Amino acid sequence: MDQTTFPRGVLWNPAGRQVVRWRRWMALVAVAIAGSCLYGASLSAVLADWNAIASALWLALSAGLAWCVFIPFLCWHGKVRLVPCLDACLVTMAVGEIVLAAGAFLNGLLWWQGTVTSAGLINALVVGVSNIVMAATLVGRLRPDGIGRRRVLTAWMLALNGSGALFFFAFYQWLHGA
C-alpha cells in the first residue's frame with residue numbers, strides 16, 4: 001500500500017483530499033541524497049586536497065538544507081499547497097541528480113585520464129547546467145497548479161540559491177577546515 005489520503009481540512013492541504021505517495025517520495029529523497037553524495041565525493045578525484053567523505057557531506061548537507069529553506073518559502077511565495085510543492089521539488093531534485101551523476105562520471109573520466117587541470121571550470125558548468133535544468137523542471141511541474149514562472153524563479157534565486165550559497169560557504173569552512 002503506497003498511498004495515504006488525508007481528509008478535508010488538513011493543514012498542509014486545505015483544498016481537500018490529496019494522495020501522498022510515501023514510497024515514491026522516499027525513493028526520490030534517496031536519489032537526492034545518494035546523487036549529492038556521489039557528485040560531492042567525485043570532486044575529491046579532481047580537486048586538490050579534497051576529501052571524498054567531507055566533500056560528499058558538504059554537498060548533501062548544503063543542498064539538503066537549502067531545499068528545506070526553499071520549499072516553505074515557495075509554498076508561501078507561490079501560494080502553492082505543500083503536497084504538490086513537495087512532489088514537484090522532489091522530482092526536480094531527482095532530475096538535477098541525473099545531471100550531477102553525469103558530472104560525477106565526467107570527474108572520474110578526468111581523473112582516469114589525468115586531465116584535472118580544467119576540473120574547476122568543468123564542474124562549475126555541470127552545476128550551472130543542473131541548476132538550469134532543475135529550475136525549468138520545477139517551472140513545468142508547478143505550471144498545472146497555476147504557479148507562474150516568475151514566482152517560481154524568484155523563489156528559486158532568493159531562497160534556494162541564496163540559502164544554498166550560505167550553506168555551501170558555512171559547511172565548506174566547517175568540513176574543510178578553511
# chains A, B, ... in the order shown; residues from 1 in each chain; ligands from 1

call {"tool": "select_by_dssp", "arguments": {"residues": "range 3-159 of chain A", "states": "strand (DSSP E)", "output": "PyMOL selection string"}}
result
chain A and resi 3-5+19-21

call {"tool": "residues_around", "arguments": {"residues": "Val31 in chain A", "least_positions_apart": "5", "cutoff": "9 Å", "atoms": "only C-alpha atoms", "output": "JSON, numbers by chain"}}
result
{"A": [26, 36, 93, 94, 97]}

call {"tool": "write_last_selection", "arguments": {"atoms": "N, CA and C atoms", "output": "mmCIF file, in the first residue's frame"}}
result
data_model
loop_
_atom_site.group_PDB
_atom_site.id
_atom_site.type_symbol
_atom_site.label_atom_id
_atom_site.label_comp_id
_atom_site.auth_asym_id
_atom_site.auth_seq_id
_atom_site.Cartn_x
_atom_site.Cartn_y
_atom_site.Cartn_z
ATOM 1 N N MET A 26 10.017 8.747 -0.707
ATOM 2 C CA MET A 26 11.212 8.226 -0.049
ATOM 3 C C MET A 26 12.260 7.806 -1.086
ATOM 4 N N SER A 36 23.749 13.498 -4.501
ATOM 5 C CA SER A 36 24.568 14.582 -3.946
ATOM 6 C C SER A 36 25.865 14.035 -3.361
ATOM 7 N N MET A 93 14.574 17.621 -7.836
ATOM 8 C CA MET A 93 15.870 17.199 -7.277
ATOM 9 C C MET A 93 16.402 15.979 -8.016
ATOM 10 N N ALA A 94 15.543 15.010 -8.268
ATOM 11 C CA ALA A 94 15.979 13.785 -8.949
ATOM 12 C C ALA A 94 16.491 14.095 -10.346
ATOM 13 N N GLU A 97 19.879 15.508 -10.038
ATOM 14 C CA GLU A 97 20.865 14.483 -9.692
ATOM 15 C C GLU A 97 21.316 13.695 -10.915
#

call {"tool": "residues_around", "arguments": {"residues": "Phe169 in chain A", "least_positions_apart": "5", "cutoff": "10 Å", "atoms": "only C-alpha atoms", "output": "ChimeraX atom specification"}}
result
/A:58,62,163-164,174

call {"tool": "atom_distance", "arguments": {"atom1": "CA of Val129 in chain A", "atom2": "CA of Leu38 in chain A"}}
result
17.2 Å

call {"tool": "atom_distance", "arguments": {"atom1": "CA of Cys89 in chain A", "atom2": "CA of Ile71 in chain A"}}
result
7.5 Å

call {"tool": "residues_around", "arguments": {"residues": "Leu109 in chain A", "least_positions_apart": "3", "cutoff": "12 Å", "atoms": "only C-alpha atoms", "output": "list in words"}}
result
Ser42, Leu43, Ala45, Val46, Ala102, Gly103, Ala104, Phe105, Leu106, Trp112, Gln113, Gly114, Thr115, Val116 and Ala119 of chain A

call {"tool": "write_last_selection", "arguments": {"atoms": "N, CA, C and O atoms", "output": "mmCIF file, in the first residue's frame"}}
result
data_model
loop_
_atom_site.group_PDB
_atom_site.id
_atom_site.type_symbol
_atom_site.label_atom_id
_atom_site.label_comp_id
_atom_site.auth_asym_id
_atom_site.auth_seq_id
_atom_site.Cartn_x
_atom_site.Cartn_y
_atom_site.Cartn_z
ATOM 1 N N SER A 42 32.921 12.706 -5.841
ATOM 2 C CA SER A 42 33.689 12.714 -7.095
ATOM 3 C C SER A 42 34.562 13.961 -7.224
ATOM 4 O O SER A 42 35.566 13.938 -7.944
ATOM 5 N N LEU A 43 34.193 15.014 -6.533
ATOM 6 C CA LEU A 43 35.012 16.230 -6.581
ATOM 7 C C LEU A 43 36.405 15.994 -6.011
ATOM 8 O O LEU A 43 37.373 16.619 -6.437
ATOM 9 N N ALA A 45 38.255 13.577 -6.514
ATOM 10 C CA ALA A 45 39.124 12.966 -7.524
ATOM 11 C C ALA A 45 39.802 14.007 -8.404
ATOM 12 O O ALA A 45 40.851 13.729 -8.984
ATOM 13 N N VAL A 46 39.199 15.191 -8.489
ATOM 14 C CA VAL A 46 39.726 16.178 -9.437
ATOM 15 C C VAL A 46 40.149 17.496 -8.797
ATOM 16 O O VAL A 46 40.764 18.335 -9.462
ATOM 17 N N ALA A 102 26.055 12.538 -14.166
ATOM 18 C CA ALA A 102 26.881 12.667 -15.373
ATOM 19 C C ALA A 102 28.164 13.433 -15.035
ATOM 20 O O ALA A 102 29.247 13.100 -15.542
ATOM 21 N N GLY A 103 28.043 14.441 -14.168
ATOM 22 C CA GLY A 103 29.222 15.183 -13.726
ATOM 23 C C GLY A 103 30.179 14.311 -12.936
ATOM 24 O O GLY A 103 31.407 14.422 -13.080
ATOM 25 N N ALA A 104 29.648 13.421 -12.096
ATOM 26 C CA ALA A 104 30.499 12.503 -11.337
ATOM 27 C C ALA A 104 31.237 11.560 -12.291
ATOM 28 O O ALA A 104 32.430 11.284 -12.109
ATOM 29 N N PHE A 105 30.522 11.074 -13.301
ATOM 30 C CA PHE A 105 31.164 10.228 -14.308
ATOM 31 C C PHE A 105 32.266 11.007 -15.019
ATOM 32 O O PHE A 105 33.368 10.488 -15.237
ATOM 33 N N LEU A 106 31.985 12.247 -15.364
ATOM 34 C CA LEU A 106 32.979 13.099 -16.024
ATOM 35 C C LEU A 106 34.190 13.324 -15.123
ATOM 36 O O LEU A 106 35.334 13.291 -15.598
ATOM 37 N N TRP A 112 40.858 9.610 -14.404
ATOM 38 C CA TRP A 112 41.450 8.464 -15.068
ATOM 39 C C TRP A 112 42.416 8.899 -16.168
ATOM 40 O O TRP A 112 43.472 8.296 -16.361
ATOM 41 N N GLN A 113 42.053 9.955 -16.898
ATOM 42 C CA GLN A 113 42.917 10.442 -17.971
ATOM 43 C C GLN A 113 44.017 11.365 -17.466
ATOM 44 O O GLN A 113 44.895 11.757 -18.225
ATOM 45 N N GLY A 114 43.955 11.749 -16.209
ATOM 46 C CA GLY A 114 44.967 12.632 -15.644
ATOM 47 C C GLY A 114 44.864 14.060 -16.131
ATOM 48 O O GLY A 114 45.859 14.782 -16.135
ATOM 49 N N THR A 115 43.683 14.472 -16.538
ATOM 50 C CA THR A 115 43.486 15.834 -17.067
ATOM 51 C C THR A 115 42.581 16.635 -16.133
ATOM 52 O O THR A 115 41.493 17.045 -16.514
ATOM 53 N N VAL A 116 43.053 16.857 -14.921
ATOM 54 C CA VAL A 116 42.222 17.531 -13.929
ATOM 55 C C VAL A 116 42.465 19.040 -13.872
ATOM 56 O O VAL A 116 41.886 19.720 -13.045
ATOM 57 N N ALA A 119 39.256 21.016 -14.223
ATOM 58 C CA ALA A 119 38.135 20.421 -13.493
ATOM 59 C C ALA A 119 37.261 21.463 -12.804
ATOM 60 O O ALA A 119 36.043 21.302 -12.732
#

call {"tool": "residues_around", "arguments": {"residues": "Ala60 in chain A", "least_positions_apart": "6", "cutoff": "8 Å", "atoms": "only C-alpha atoms", "output": "PyMOL selection string"}}
result
chain A and resi 33+36-37+40

call {"tool": "residues_around", "arguments": {"residues": "Ala41 in chain A", "least_positions_apart": "5", "cutoff": "9 Å", "atoms": "only C-alpha atoms", "output": "VMD selection string"}}
result
chain A and resid 36 50 to 57 59 104

call {"tool": "atom_distance", "arguments": {"atom1": "CA of Phe70 in chain A", "atom2": "CA of Ala159 in chain A"}}
result
5.0 Å

call {"tool": "closest_atom_pairs", "arguments": {"of": "range 18-115 of chain A", "to": "range 135-157 of chain A", "cutoff": "6 Å", "atoms": "only C-alpha atoms", "output": "CSV"}}
result
residue,atom,partner,partner_atom,distance
A:Leu74,CA,A:Ala155,CA,5.9
A:Gly78,CA,A:Arg151,CA,5.8
A:Ala88,CA,A:Arg141,CA,5.6
A:Thr92,CA,A:Leu138,CA,5.7

call {"tool": "select_by_dssp", "arguments": {"residues": "chain A", "states": "alpha helix (DSSP H)", "output": "ChimeraX atom specification"}}
result
/A:22-46,52-78,82-113,119-142,149-155,162-176
